[in-house]
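Have a look at query.cif; it's mmCIF, N, CA and C atoms:
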data_model
#
loop_
_atom_site.label_atom_id
_atom_site.label_comp_id
_atom_site.auth_asym_id
_atom_site.auth_seq_id
_atom_site.Cartn_x
_atom_site.Cartn_y
_atom_site.Cartn_z
N TYR M 391 50.44 -6.81 63.68
CA TYR M 391 50.24 -5.81 64.72
C TYR M 391 49.45 -4.61 64.20
N GLU M 392 49.72 -4.18 62.97
CA GLU M 392 49.01 -3.03 62.37
C GLU M 392 47.52 -3.33 62.19
N ALA M 393 47.21 -4.53 61.77
CA ALA M 393 45.81 -4.91 61.58
C ALA M 393 45.06 -4.88 62.91
N LEU M 394 45.72 -5.37 63.96
CA LEU M 394 45.12 -5.36 65.28
C LEU M 394 44.90 -3.93 65.77
N LEU M 395 45.88 -3.07 65.56
CA LEU M 395 45.77 -1.67 65.94
C LEU M 395 44.63 -0.99 65.18
N LYS M 396 44.50 -1.28 63.90
CA LYS M 396 43.43 -0.70 63.08
C LYS M 396 42.06 -1.16 63.60
N GLU M 397 41.95 -2.44 63.93
CA GLU M 397 40.69 -2.98 64.43
C GLU M 397 40.32 -2.34 65.78
N VAL M 398 41.29 -2.18 66.66
CA VAL M 398 41.05 -1.56 67.96
C VAL M 398 40.60 -0.11 67.77
N ASN M 399 41.25 0.62 66.85
CA ASN M 399 40.87 2.01 66.58
C ASN M 399 39.45 2.10 66.03
N GLN M 400 39.07 1.18 65.16
CA GLN M 400 37.71 1.18 64.61
C GLN M 400 36.69 0.92 65.72
N LYS M 401 37.00 -0.03 66.58
CA LYS M 401 36.09 -0.33 67.69
C LYS M 401 35.99 0.86 68.65
N LYS M 402 37.11 1.54 68.87
CA LYS M 402 37.11 2.71 69.74
C LYS M 402 36.24 3.82 69.13
N GLN M 403 36.33 4.02 67.82
CA GLN M 403 35.51 5.04 67.17
C GLN M 403 34.02 4.73 67.31
N ILE M 404 33.66 3.47 67.16
CA ILE M 404 32.26 3.05 67.31
C ILE M 404 31.79 3.31 68.74
N ILE M 405 32.62 2.94 69.72
CA ILE M 405 32.27 3.16 71.13
C ILE M 405 32.16 4.65 71.40
N ASP M 406 33.08 5.46 70.86
CA ASP M 406 33.03 6.91 71.06
C ASP M 406 31.74 7.50 70.49
N LYS M 407 31.33 7.04 69.31
CA LYS M 407 30.08 7.53 68.70
C LYS M 407 28.88 7.16 69.57
N LYS M 408 28.84 5.93 70.03
CA LYS M 408 27.74 5.49 70.89
C LYS M 408 27.72 6.28 72.20
N THR M 409 28.88 6.54 72.76
CA THR M 409 28.98 7.31 74.00
C THR M 409 28.45 8.73 73.79
N GLU M 410 28.81 9.35 72.66
CA GLU M 410 28.35 10.71 72.37
C GLU M 410 26.83 10.74 72.20
N ILE M 411 26.26 9.72 71.56
CA ILE M 411 24.81 9.65 71.40
C ILE M 411 24.14 9.54 72.77
N ILE M 412 24.68 8.71 73.63
CA ILE M 412 24.12 8.54 74.98
C ILE M 412 24.22 9.85 75.75
N LYS M 413 25.36 10.53 75.66
CA LYS M 413 25.52 11.81 76.36
C LYS M 413 24.53 12.83 75.83
N SER M 414 24.32 12.85 74.52
CA SER M 414 23.38 13.78 73.91
C SER M 414 21.96 13.51 74.42
N LEU M 415 21.57 12.26 74.47
CA LEU M 415 20.25 11.89 74.96
C LEU M 415 20.09 12.28 76.44
N GLN M 416 21.14 12.08 77.22
CA GLN M 416 21.10 12.44 78.64
C GLN M 416 20.93 13.95 78.81
N ARG M 417 21.68 14.74 78.00
CA ARG M 417 21.63 16.20 78.12
C ARG M 417 20.22 16.73 77.88
N ASP M 418 19.50 16.15 76.93
CA ASP M 418 18.19 16.67 76.55
C ASP M 418 17.05 15.70 76.85
N ARG M 419 17.25 14.85 77.85
CA ARG M 419 16.22 13.84 78.14
C ARG M 419 14.94 14.45 78.69
N ASP M 420 15.04 15.65 79.23
CA ASP M 420 13.86 16.30 79.81
C ASP M 420 13.26 17.33 78.85
N THR M 421 13.48 17.16 77.56
CA THR M 421 13.04 18.13 76.56
C THR M 421 11.54 18.40 76.65
N MET M 422 10.71 17.38 76.72
CA MET M 422 9.27 17.60 76.72
C MET M 422 8.83 18.38 77.96
N VAL M 423 9.41 18.09 79.10
CA VAL M 423 9.07 18.83 80.32
C VAL M 423 9.42 20.31 80.13
N ARG M 424 10.61 20.57 79.57
CA ARG M 424 11.04 21.95 79.35
C ARG M 424 10.17 22.64 78.30
N LEU M 425 9.79 21.91 77.24
CA LEU M 425 8.92 22.50 76.22
C LEU M 425 7.57 22.89 76.81
N LEU M 426 7.01 22.04 77.64
CA LEU M 426 5.73 22.35 78.27
C LEU M 426 5.85 23.54 79.22
N ALA M 427 6.95 23.61 79.95
CA ALA M 427 7.16 24.75 80.85
C ALA M 427 7.30 26.04 80.05
N LEU M 428 8.05 25.97 78.94
CA LEU M 428 8.22 27.15 78.08
C LEU M 428 6.88 27.61 77.53
N ILE M 429 6.09 26.68 77.01
CA ILE M 429 4.80 27.03 76.43
C ILE M 429 3.88 27.63 77.49
N SER M 430 3.84 27.00 78.67
CA SER M 430 2.93 27.51 79.72
C SER M 430 3.33 28.92 80.16
N ALA M 431 4.62 29.24 80.10
CA ALA M 431 5.07 30.58 80.49
C ALA M 431 4.72 31.62 79.42
N GLU M 432 4.56 31.19 78.17
CA GLU M 432 4.34 32.13 77.07
C GLU M 432 2.87 32.28 76.67
N VAL M 433 2.00 31.39 77.13
CA VAL M 433 0.57 31.47 76.78
C VAL M 433 -0.07 32.64 77.51
N PRO M 434 -0.71 33.56 76.78
CA PRO M 434 -1.44 34.65 77.46
C PRO M 434 -2.59 34.06 78.27
N PRO M 435 -2.60 34.27 79.59
CA PRO M 435 -3.63 33.65 80.44
C PRO M 435 -5.05 34.09 80.06
N GLU M 436 -5.93 33.11 80.04
CA GLU M 436 -7.36 33.32 79.77
C GLU M 436 -7.63 33.91 78.38
N LYS M 437 -6.64 33.81 77.49
CA LYS M 437 -6.83 34.27 76.11
C LYS M 437 -6.58 33.15 75.10
N ILE M 438 -5.82 32.14 75.51
CA ILE M 438 -5.43 31.04 74.63
C ILE M 438 -5.67 29.72 75.37
N TRP M 439 -6.25 28.76 74.66
CA TRP M 439 -6.43 27.41 75.20
C TRP M 439 -5.82 26.44 74.21
N LEU M 440 -4.80 25.72 74.65
CA LEU M 440 -4.15 24.75 73.77
C LEU M 440 -4.89 23.42 73.82
N GLU M 441 -5.06 22.84 72.64
CA GLU M 441 -5.78 21.57 72.55
C GLU M 441 -4.89 20.42 72.15
N ARG M 442 -3.81 20.72 71.41
CA ARG M 442 -2.96 19.65 70.89
C ARG M 442 -1.54 20.17 70.72
N LEU M 443 -0.57 19.37 71.14
CA LEU M 443 0.85 19.68 70.95
C LEU M 443 1.51 18.48 70.30
N VAL M 444 2.26 18.71 69.25
CA VAL M 444 2.97 17.63 68.58
C VAL M 444 4.44 18.04 68.43
N GLN M 445 5.32 17.23 69.01
CA GLN M 445 6.75 17.49 68.93
C GLN M 445 7.37 16.46 68.00
N SER M 446 8.20 16.93 67.07
CA SER M 446 8.88 16.04 66.14
C SER M 446 10.27 16.60 65.88
N ALA M 447 11.29 15.80 66.19
CA ALA M 447 12.68 16.26 66.09
C ALA M 447 12.79 17.58 66.86
N ASN M 448 13.18 18.67 66.20
CA ASN M 448 13.29 19.96 66.89
C ASN M 448 12.20 20.92 66.45
N SER M 449 11.03 20.38 66.13
CA SER M 449 9.92 21.26 65.76
C SER M 449 8.71 20.96 66.63
N MET M 450 7.86 21.97 66.75
CA MET M 450 6.66 21.85 67.58
C MET M 450 5.48 22.41 66.80
N THR M 451 4.34 21.72 66.89
CA THR M 451 3.09 22.20 66.31
C THR M 451 2.08 22.31 67.44
N LEU M 452 1.46 23.48 67.55
CA LEU M 452 0.47 23.74 68.60
C LEU M 452 -0.87 24.05 67.95
N ASN M 453 -1.91 23.38 68.39
CA ASN M 453 -3.27 23.68 67.96
C ASN M 453 -4.04 24.17 69.17
N GLY M 454 -4.88 25.20 68.94
CA GLY M 454 -5.64 25.71 70.05
C GLY M 454 -6.74 26.65 69.61
N VAL M 455 -7.30 27.32 70.61
CA VAL M 455 -8.38 28.28 70.41
C VAL M 455 -7.98 29.55 71.15
N ALA M 456 -8.27 30.69 70.53
CA ALA M 456 -7.94 31.98 71.13
C ALA M 456 -9.17 32.87 71.16
N LEU M 457 -9.13 33.87 72.02
CA LEU M 457 -10.22 34.84 72.08
C LEU M 457 -10.34 35.60 70.76
N ASN M 458 -9.16 35.95 70.19
CA ASN M 458 -9.15 36.77 68.99
C ASN M 458 -7.77 36.72 68.33
N ASN M 459 -7.64 37.40 67.19
CA ASN M 459 -6.37 37.43 66.48
C ASN M 459 -5.26 38.08 67.30
N GLU M 460 -5.60 39.11 68.08
CA GLU M 460 -4.61 39.79 68.90
C GLU M 460 -3.98 38.84 69.93
N SER M 461 -4.78 37.94 70.46
CA SER M 461 -4.26 36.97 71.43
C SER M 461 -3.27 36.02 70.77
N ILE M 462 -3.58 35.60 69.55
CA ILE M 462 -2.68 34.73 68.80
C ILE M 462 -1.37 35.47 68.52
N ALA M 463 -1.47 36.72 68.09
CA ALA M 463 -0.27 37.52 67.80
C ALA M 463 0.59 37.69 69.05
N GLU M 464 -0.05 37.94 70.19
CA GLU M 464 0.68 38.09 71.45
C GLU M 464 1.43 36.81 71.79
N PHE M 465 0.76 35.67 71.64
CA PHE M 465 1.38 34.38 71.91
C PHE M 465 2.58 34.16 70.99
N MET M 466 2.42 34.48 69.71
CA MET M 466 3.51 34.30 68.76
C MET M 466 4.69 35.21 69.12
N ARG M 467 4.44 36.45 69.52
CA ARG M 467 5.53 37.36 69.94
C ARG M 467 6.23 36.80 71.18
N ASN M 468 5.46 36.27 72.12
CA ASN M 468 6.04 35.69 73.33
C ASN M 468 6.97 34.53 72.97
N LEU M 469 6.50 33.65 72.09
CA LEU M 469 7.34 32.52 71.67
C LEU M 469 8.60 33.01 70.98
N GLU M 470 8.44 33.97 70.08
CA GLU M 470 9.58 34.48 69.30
C GLU M 470 10.64 35.11 70.20
N SER M 471 10.24 35.63 71.34
CA SER M 471 11.20 36.30 72.23
C SER M 471 12.01 35.31 73.08
N SER M 472 11.63 34.05 73.08
CA SER M 472 12.33 33.05 73.89
C SER M 472 13.67 32.68 73.26
N PRO M 473 14.73 32.56 74.07
CA PRO M 473 16.03 32.14 73.52
C PRO M 473 16.02 30.69 73.04
N TYR M 474 15.02 29.93 73.45
CA TYR M 474 14.95 28.52 73.05
C TYR M 474 14.25 28.30 71.71
N ILE M 475 13.61 29.35 71.19
CA ILE M 475 12.92 29.26 69.91
C ILE M 475 13.83 29.81 68.83
N VAL M 476 13.99 29.07 67.74
CA VAL M 476 14.83 29.53 66.64
C VAL M 476 14.16 30.74 66.00
N LYS M 477 14.89 31.85 65.97
CA LYS M 477 14.34 33.11 65.46
C LYS M 477 13.83 32.96 64.04
N GLY M 478 12.67 33.54 63.79
CA GLY M 478 12.09 33.53 62.45
C GLY M 478 11.35 32.26 62.08
N THR M 479 11.17 31.34 63.03
CA THR M 479 10.50 30.08 62.69
C THR M 479 9.07 29.98 63.23
N VAL M 480 8.63 30.96 64.01
CA VAL M 480 7.26 30.91 64.56
C VAL M 480 6.30 31.31 63.44
N ASN M 481 5.45 30.37 63.04
CA ASN M 481 4.53 30.61 61.93
C ASN M 481 3.10 30.23 62.29
N LEU M 482 2.17 31.08 61.88
CA LEU M 482 0.75 30.77 62.00
C LEU M 482 0.38 30.03 60.73
N THR M 483 0.11 28.74 60.85
CA THR M 483 -0.17 27.93 59.66
C THR M 483 -1.65 27.78 59.38
N HIS M 484 -2.47 28.16 60.36
CA HIS M 484 -3.92 27.98 60.19
C HIS M 484 -4.63 28.88 61.20
N SER M 485 -5.68 29.56 60.76
CA SER M 485 -6.51 30.34 61.67
C SER M 485 -7.88 30.51 61.03
N LYS M 486 -8.92 30.22 61.80
CA LYS M 486 -10.28 30.43 61.29
C LYS M 486 -11.23 30.64 62.46
N GLN M 487 -12.31 31.29 62.16
CA GLN M 487 -13.33 31.53 63.19
C GLN M 487 -14.04 30.23 63.52
N THR M 488 -14.34 30.09 64.79
CA THR M 488 -15.11 28.94 65.25
C THR M 488 -16.06 29.43 66.34
N VAL M 489 -17.11 28.69 66.58
CA VAL M 489 -18.06 29.07 67.63
C VAL M 489 -18.07 27.96 68.67
N ILE M 490 -17.79 28.36 69.91
CA ILE M 490 -17.79 27.41 71.03
C ILE M 490 -18.62 28.05 72.14
N ALA M 491 -19.60 27.32 72.62
CA ALA M 491 -20.50 27.81 73.68
C ALA M 491 -21.07 29.18 73.31
N ALA M 492 -21.51 29.31 72.06
CA ALA M 492 -22.14 30.53 71.53
C ALA M 492 -21.20 31.74 71.52
N LYS M 493 -19.88 31.49 71.58
CA LYS M 493 -18.91 32.59 71.51
C LYS M 493 -18.06 32.42 70.25
N LYS M 494 -17.84 33.54 69.55
CA LYS M 494 -16.97 33.53 68.38
C LYS M 494 -15.52 33.57 68.84
N LEU M 495 -14.78 32.52 68.49
CA LEU M 495 -13.38 32.40 68.87
C LEU M 495 -12.54 32.11 67.62
N ARG M 496 -11.21 32.07 67.78
CA ARG M 496 -10.31 31.78 66.67
C ARG M 496 -9.62 30.44 66.92
N GLU M 497 -9.84 29.50 66.02
CA GLU M 497 -9.11 28.23 66.03
C GLU M 497 -7.79 28.50 65.30
N PHE M 498 -6.66 27.96 65.80
CA PHE M 498 -5.38 28.25 65.16
C PHE M 498 -4.42 27.08 65.25
N GLN M 499 -3.38 27.17 64.42
CA GLN M 499 -2.25 26.24 64.49
C GLN M 499 -0.98 27.07 64.31
N ILE M 500 -0.01 26.85 65.21
CA ILE M 500 1.28 27.53 65.16
C ILE M 500 2.36 26.46 65.11
N THR M 501 3.37 26.71 64.29
CA THR M 501 4.54 25.82 64.26
C THR M 501 5.78 26.65 64.56
N TYR M 502 6.80 26.00 65.10
CA TYR M 502 8.09 26.65 65.31
C TYR M 502 9.17 25.60 65.50
N GLN M 503 10.41 26.05 65.34
CA GLN M 503 11.58 25.23 65.60
C GLN M 503 12.18 25.67 66.93
N TYR M 504 12.67 24.72 67.70
CA TYR M 504 13.33 25.07 68.95
C TYR M 504 14.74 24.49 68.97
N ALA M 505 15.61 25.17 69.71
CA ALA M 505 16.99 24.72 69.85
C ALA M 505 17.06 23.74 71.02
N PRO M 506 17.92 22.75 70.93
CA PRO M 506 18.08 21.85 72.09
C PRO M 506 18.48 22.68 73.31
N PHE M 507 17.88 22.37 74.44
CA PHE M 507 18.11 23.17 75.64
C PHE M 507 19.57 23.15 76.06
N SER M 508 20.25 22.02 75.90
CA SER M 508 21.66 21.97 76.28
C SER M 508 22.50 22.92 75.43
N ALA M 509 22.16 23.06 74.17
CA ALA M 509 22.90 23.96 73.28
C ALA M 509 22.69 25.41 73.68
N VAL M 510 21.46 25.79 74.01
CA VAL M 510 21.16 27.17 74.41
C VAL M 510 21.84 27.47 75.75
N GLU M 511 21.78 26.53 76.68
CA GLU M 511 22.40 26.75 77.98
C GLU M 511 23.91 26.87 77.85
N ALA M 512 24.51 26.07 76.98
CA ALA M 512 25.95 26.16 76.76
C ALA M 512 26.32 27.52 76.18
N LEU M 513 25.52 27.99 75.22
CA LEU M 513 25.76 29.29 74.60
C LEU M 513 25.61 30.41 75.63
N MET M 514 24.57 30.32 76.47
CA MET M 514 24.33 31.35 77.48
C MET M 514 25.44 31.35 78.54
N SER M 515 25.92 30.18 78.90
CA SER M 515 26.97 30.12 79.93
C SER M 515 28.29 30.68 79.42
N LYS M 516 28.46 30.71 78.10
CA LYS M 516 29.66 31.30 77.50
C LYS M 516 29.51 32.79 77.25
N GLY M 517 28.33 33.33 77.62
CA GLY M 517 28.09 34.76 77.45
C GLY M 517 27.59 35.10 76.06
N GLY M 518 27.13 34.11 75.31
CA GLY M 518 26.67 34.37 73.94
C GLY M 518 25.21 34.70 73.86
N GLY M 519 24.49 34.70 74.96
CA GLY M 519 23.06 34.95 74.86
C GLY M 519 22.61 35.76 76.01
#
Would you mind writing the structure in this file as structure tokens?
Amino acid sequence: YEALLKEVNQKKQIIDKKTEIIKSLQRDRDTMVRLLALISAEVPPEKIWLERLVQSANSMTLNGVALNNESIAEFMRNLESSPYIVKGTVNLTHSKQTVIAAKKLREFQITYQYAPFSAVEALMSKGGG
């Protein structure tokens, strides 16, 4: 009887782990849609043009072109102020002058870490944010 009980408990633990993984995936299944909405809300209009976005685990890399360094700094401040961005992780990893259509612009790359949206929403609903 003990062996059977042990086996049932082990199977229950495996099912519980799988259930938690499925629930986690369901909670954050719309992550990319939310990330794009967040980015579009934080981009300074007509100052920044994004060319490439790469999401990996809980990090994001953005490549783009800006009018100038001030536009890049504004975008970084906007990102940093979001509750969904992990504080202190917004970094300018690359910036150089480029010429497009005879205009001097700034090519850049920014990286940052973001918190899962379900975690931030749970924290905010508890009054922690």
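All residues of protein, DNA or RNA that reach within 6.5 Å of segment 466-482 of chain M, judged by only N, CA and C atoms and not counting those fewer than 3 positions away in the chain, are Glu432, Ser461, Ile462, Ala463, Ser485, Gln499, Ile500, Thr501, Tyr502, Gln503, Tyr504, Ala505 and Val510 of chain M.
One distance worth recording is that between atom C of Thr421 of chain M and atom C of Pro506 of chain M, which is 8.8 Å.
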Resolved residues for the PyMOL selection byres ((chain M and resi 497) around 6.5) as a list of chain:residue names: M:Gly454, M:Val455, M:Ala456, M:His484, M:Ser485, M:Lys486, M:Gln487, M:Thr488, M:Leu495, M:Arg496, M:Phe498, M:Gln499
Taking 5 positions as the minimum chain separation for residues in the same chain, which residues sit within 6.5 Å of Val433 of chain M when counting only N, CA and C atoms? Answer as a compact mmCIF listing (two decimals) with N, CA and C atoms, keeping the file's coordinate frame.
# COMPACT_ATOMS: atom_id res chain seq x y z
N LEU M 428 8.05 25.97 78.94
CA LEU M 428 8.22 27.15 78.08
C LEU M 428 6.88 27.61 77.53
N ILE M 438 -5.82 32.14 75.51
CA ILE M 438 -5.43 31.04 74.63
C ILE M 438 -5.67 29.72 75.37
N PHE M 465 0.76 35.67 71.64
CA PHE M 465 1.38 34.38 71.91
C PHE M 465 2.58 34.16 70.99
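We find atom CA of Met450 of chain M and atom CA of Glu464 of chain M to be spaced 17.7 Å apart.
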I need the helix (DSSP H, G or I) residues of segment 457-487 of chain M per DSSP on the backbone, written as a count of residues only. 12
Apply DSSP to the backbone of this structure and, from segment 412-518 of chain M, keep only the residues in strand (DSSP E); write these as an mmCIF file with N, CA and C atoms, keeping the file's coordinate frame.
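As a result, selection.cif now contains:
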data_model
loop_
_atom_site.group_PDB
_atom_site.id
_atom_site.type_symbol
_atom_site.label_atom_id
_atom_site.label_comp_id
_atom_site.auth_asym_id
_atom_site.auth_seq_id
_atom_site.Cartn_x
_atom_site.Cartn_y
_atom_site.Cartn_z
ATOM 1 N N ILE M 438 -5.820 32.140 75.510
ATOM 2 C CA ILE M 438 -5.430 31.040 74.630
ATOM 3 C C ILE M 438 -5.670 29.720 75.370
ATOM 4 N N TRP M 439 -6.250 28.760 74.660
ATOM 5 C CA TRP M 439 -6.430 27.410 75.200
ATOM 6 C C TRP M 439 -5.820 26.440 74.210
ATOM 7 N N LEU M 440 -4.800 25.720 74.650
ATOM 8 C CA LEU M 440 -4.150 24.750 73.770
ATOM 9 C C LEU M 440 -4.890 23.420 73.820
ATOM 10 N N GLU M 441 -5.060 22.840 72.640
ATOM 11 C CA GLU M 441 -5.780 21.570 72.550
ATOM 12 C C GLU M 441 -4.890 20.420 72.150
ATOM 13 N N ARG M 442 -3.810 20.720 71.410
ATOM 14 C CA ARG M 442 -2.960 19.650 70.890
ATOM 15 C C ARG M 442 -1.540 20.170 70.720
ATOM 16 N N LEU M 443 -0.570 19.370 71.140
ATOM 17 C CA LEU M 443 0.850 19.680 70.950
ATOM 18 C C LEU M 443 1.510 18.480 70.300
ATOM 19 N N VAL M 444 2.260 18.710 69.250
ATOM 20 C CA VAL M 444 2.970 17.630 68.580
ATOM 21 C C VAL M 444 4.440 18.040 68.430
ATOM 22 N N GLN M 445 5.320 17.230 69.010
ATOM 23 C CA GLN M 445 6.750 17.490 68.930
ATOM 24 C C GLN M 445 7.370 16.460 68.000
ATOM 25 N N SER M 446 8.200 16.930 67.070
ATOM 26 C CA SER M 446 8.880 16.040 66.140
ATOM 27 C C SER M 446 10.270 16.600 65.880
ATOM 28 N N SER M 449 11.030 20.380 66.130
ATOM 29 C CA SER M 449 9.920 21.260 65.760
ATOM 30 C C SER M 449 8.710 20.960 66.630
ATOM 31 N N MET M 450 7.860 21.970 66.750
ATOM 32 C CA MET M 450 6.660 21.850 67.580
ATOM 33 C C MET M 450 5.480 22.410 66.800
ATOM 34 N N THR M 451 4.340 21.720 66.890
ATOM 35 C CA THR M 451 3.090 22.200 66.310
ATOM 36 C C THR M 451 2.080 22.310 67.440
ATOM 37 N N LEU M 452 1.460 23.480 67.550
ATOM 38 C CA LEU M 452 0.470 23.740 68.600
ATOM 39 C C LEU M 452 -0.870 24.050 67.950
ATOM 40 N N ASN M 453 -1.910 23.380 68.390
ATOM 41 C CA ASN M 453 -3.270 23.680 67.960
ATOM 42 C C ASN M 453 -4.040 24.170 69.170
ATOM 43 N N GLY M 454 -4.880 25.200 68.940
ATOM 44 C CA GLY M 454 -5.640 25.710 70.050
ATOM 45 C C GLY M 454 -6.740 26.650 69.610
ATOM 46 N N VAL M 455 -7.300 27.320 70.610
ATOM 47 C CA VAL M 455 -8.380 28.280 70.410
ATOM 48 C C VAL M 455 -7.980 29.550 71.150
ATOM 49 N N ALA M 456 -8.270 30.690 70.530
ATOM 50 C CA ALA M 456 -7.940 31.980 71.130
ATOM 51 C C ALA M 456 -9.170 32.870 71.160
ATOM 52 N N ASN M 481 5.450 30.370 63.040
ATOM 53 C CA ASN M 481 4.530 30.610 61.930
ATOM 54 C C ASN M 481 3.100 30.230 62.290
ATOM 55 N N LEU M 482 2.170 31.080 61.880
ATOM 56 C CA LEU M 482 0.750 30.770 62.000
ATOM 57 C C LEU M 482 0.380 30.030 60.730
ATOM 58 N N THR M 483 0.110 28.740 60.850
ATOM 59 C CA THR M 483 -0.170 27.930 59.660
ATOM 60 C C THR M 483 -1.650 27.780 59.380
ATOM 61 N N HIS M 484 -2.470 28.160 60.360
ATOM 62 C CA HIS M 484 -3.920 27.980 60.190
ATOM 63 C C HIS M 484 -4.630 28.880 61.200
ATOM 64 N N SER M 485 -5.680 29.560 60.760
ATOM 65 C CA SER M 485 -6.510 30.340 61.670
ATOM 66 C C SER M 485 -7.880 30.510 61.030
ATOM 67 N N LYS M 486 -8.920 30.220 61.800
ATOM 68 C CA LYS M 486 -10.280 30.430 61.290
ATOM 69 C C LYS M 486 -11.230 30.640 62.460
ATOM 70 N N GLN M 487 -12.310 31.290 62.160
ATOM 71 C CA GLN M 487 -13.330 31.530 63.190
ATOM 72 C C GLN M 487 -14.040 30.230 63.520
ATOM 73 N N THR M 488 -14.340 30.090 64.790
ATOM 74 C CA THR M 488 -15.110 28.940 65.250
ATOM 75 C C THR M 488 -16.060 29.430 66.340
ATOM 76 N N VAL M 489 -17.110 28.690 66.580
ATOM 77 C CA VAL M 489 -18.060 29.070 67.630
ATOM 78 C C VAL M 489 -18.070 27.960 68.670
ATOM 79 N N ILE M 490 -17.790 28.360 69.910
ATOM 80 C CA ILE M 490 -17.790 27.410 71.030
ATOM 81 C C ILE M 490 -18.620 28.050 72.140
ATOM 82 N N LYS M 493 -19.880 31.490 71.580
ATOM 83 C CA LYS M 493 -18.910 32.590 71.510
ATOM 84 C C LYS M 493 -18.060 32.420 70.250
ATOM 85 N N LYS M 494 -17.840 33.540 69.550
ATOM 86 C CA LYS M 494 -16.970 33.530 68.380
ATOM 87 C C LYS M 494 -15.520 33.570 68.840
ATOM 88 N N LEU M 495 -14.780 32.520 68.490
ATOM 89 C CA LEU M 495 -13.380 32.400 68.870
ATOM 90 C C LEU M 495 -12.540 32.110 67.620
ATOM 91 N N ARG M 496 -11.210 32.070 67.780
ATOM 92 C CA ARG M 496 -10.310 31.780 66.670
ATOM 93 C C ARG M 496 -9.620 30.440 66.920
ATOM 94 N N GLU M 497 -9.840 29.500 66.020
ATOM 95 C CA GLU M 497 -9.110 28.230 66.030
ATOM 96 C C GLU M 497 -7.790 28.500 65.300
ATOM 97 N N PHE M 498 -6.660 27.960 65.800
ATOM 98 C CA PHE M 498 -5.380 28.250 65.160
ATOM 99 C C PHE M 498 -4.420 27.080 65.250
ATOM 100 N N GLN M 499 -3.380 27.170 64.420
ATOM 101 C CA GLN M 499 -2.250 26.240 64.490
ATOM 102 C C GLN M 499 -0.980 27.070 64.310
ATOM 103 N N ILE M 500 -0.010 26.850 65.210
ATOM 104 C CA ILE M 500 1.280 27.530 65.160
ATOM 105 C C ILE M 500 2.360 26.460 65.110
ATOM 106 N N THR M 501 3.370 26.710 64.290
ATOM 107 C CA THR M 501 4.540 25.820 64.260
ATOM 108 C C THR M 501 5.780 26.650 64.560
ATOM 109 N N TYR M 502 6.800 26.000 65.100
ATOM 110 C CA TYR M 502 8.090 26.650 65.310
ATOM 111 C C TYR M 502 9.170 25.600 65.500
ATOM 112 N N GLN M 503 10.410 26.050 65.340
ATOM 113 C CA GLN M 503 11.580 25.230 65.600
ATOM 114 C C GLN M 503 12.180 25.670 66.930
#
Any idea what the distance is between atom CA of Gln445 of chain M and atom CA of Ser508 of chain M? 17.2 Å
Of the candidates M:Val489, M:Val423, M:Leu452, M:Ile412, which one gets nearest to Trp439 of chain M if we count only C-alpha atoms? M:Leu452
Edge lengths and centre in Å, axis-aligned, segment 482-492 of chain M plus 3 Å each side, as JSON:
{"center_x": -10.0, "center_y": 29.5, "center_z": 66.5, "size_x": 30.3, "size_y": 10.4, "size_z": 20.3}
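Of the residues listed (M:Lys408, M:Lys437, M:Arg442, M:Lys396), M:Lys437 shows the shortest atom-to-atom separation from Asn458 of chain M; distances use only C-alpha atoms.
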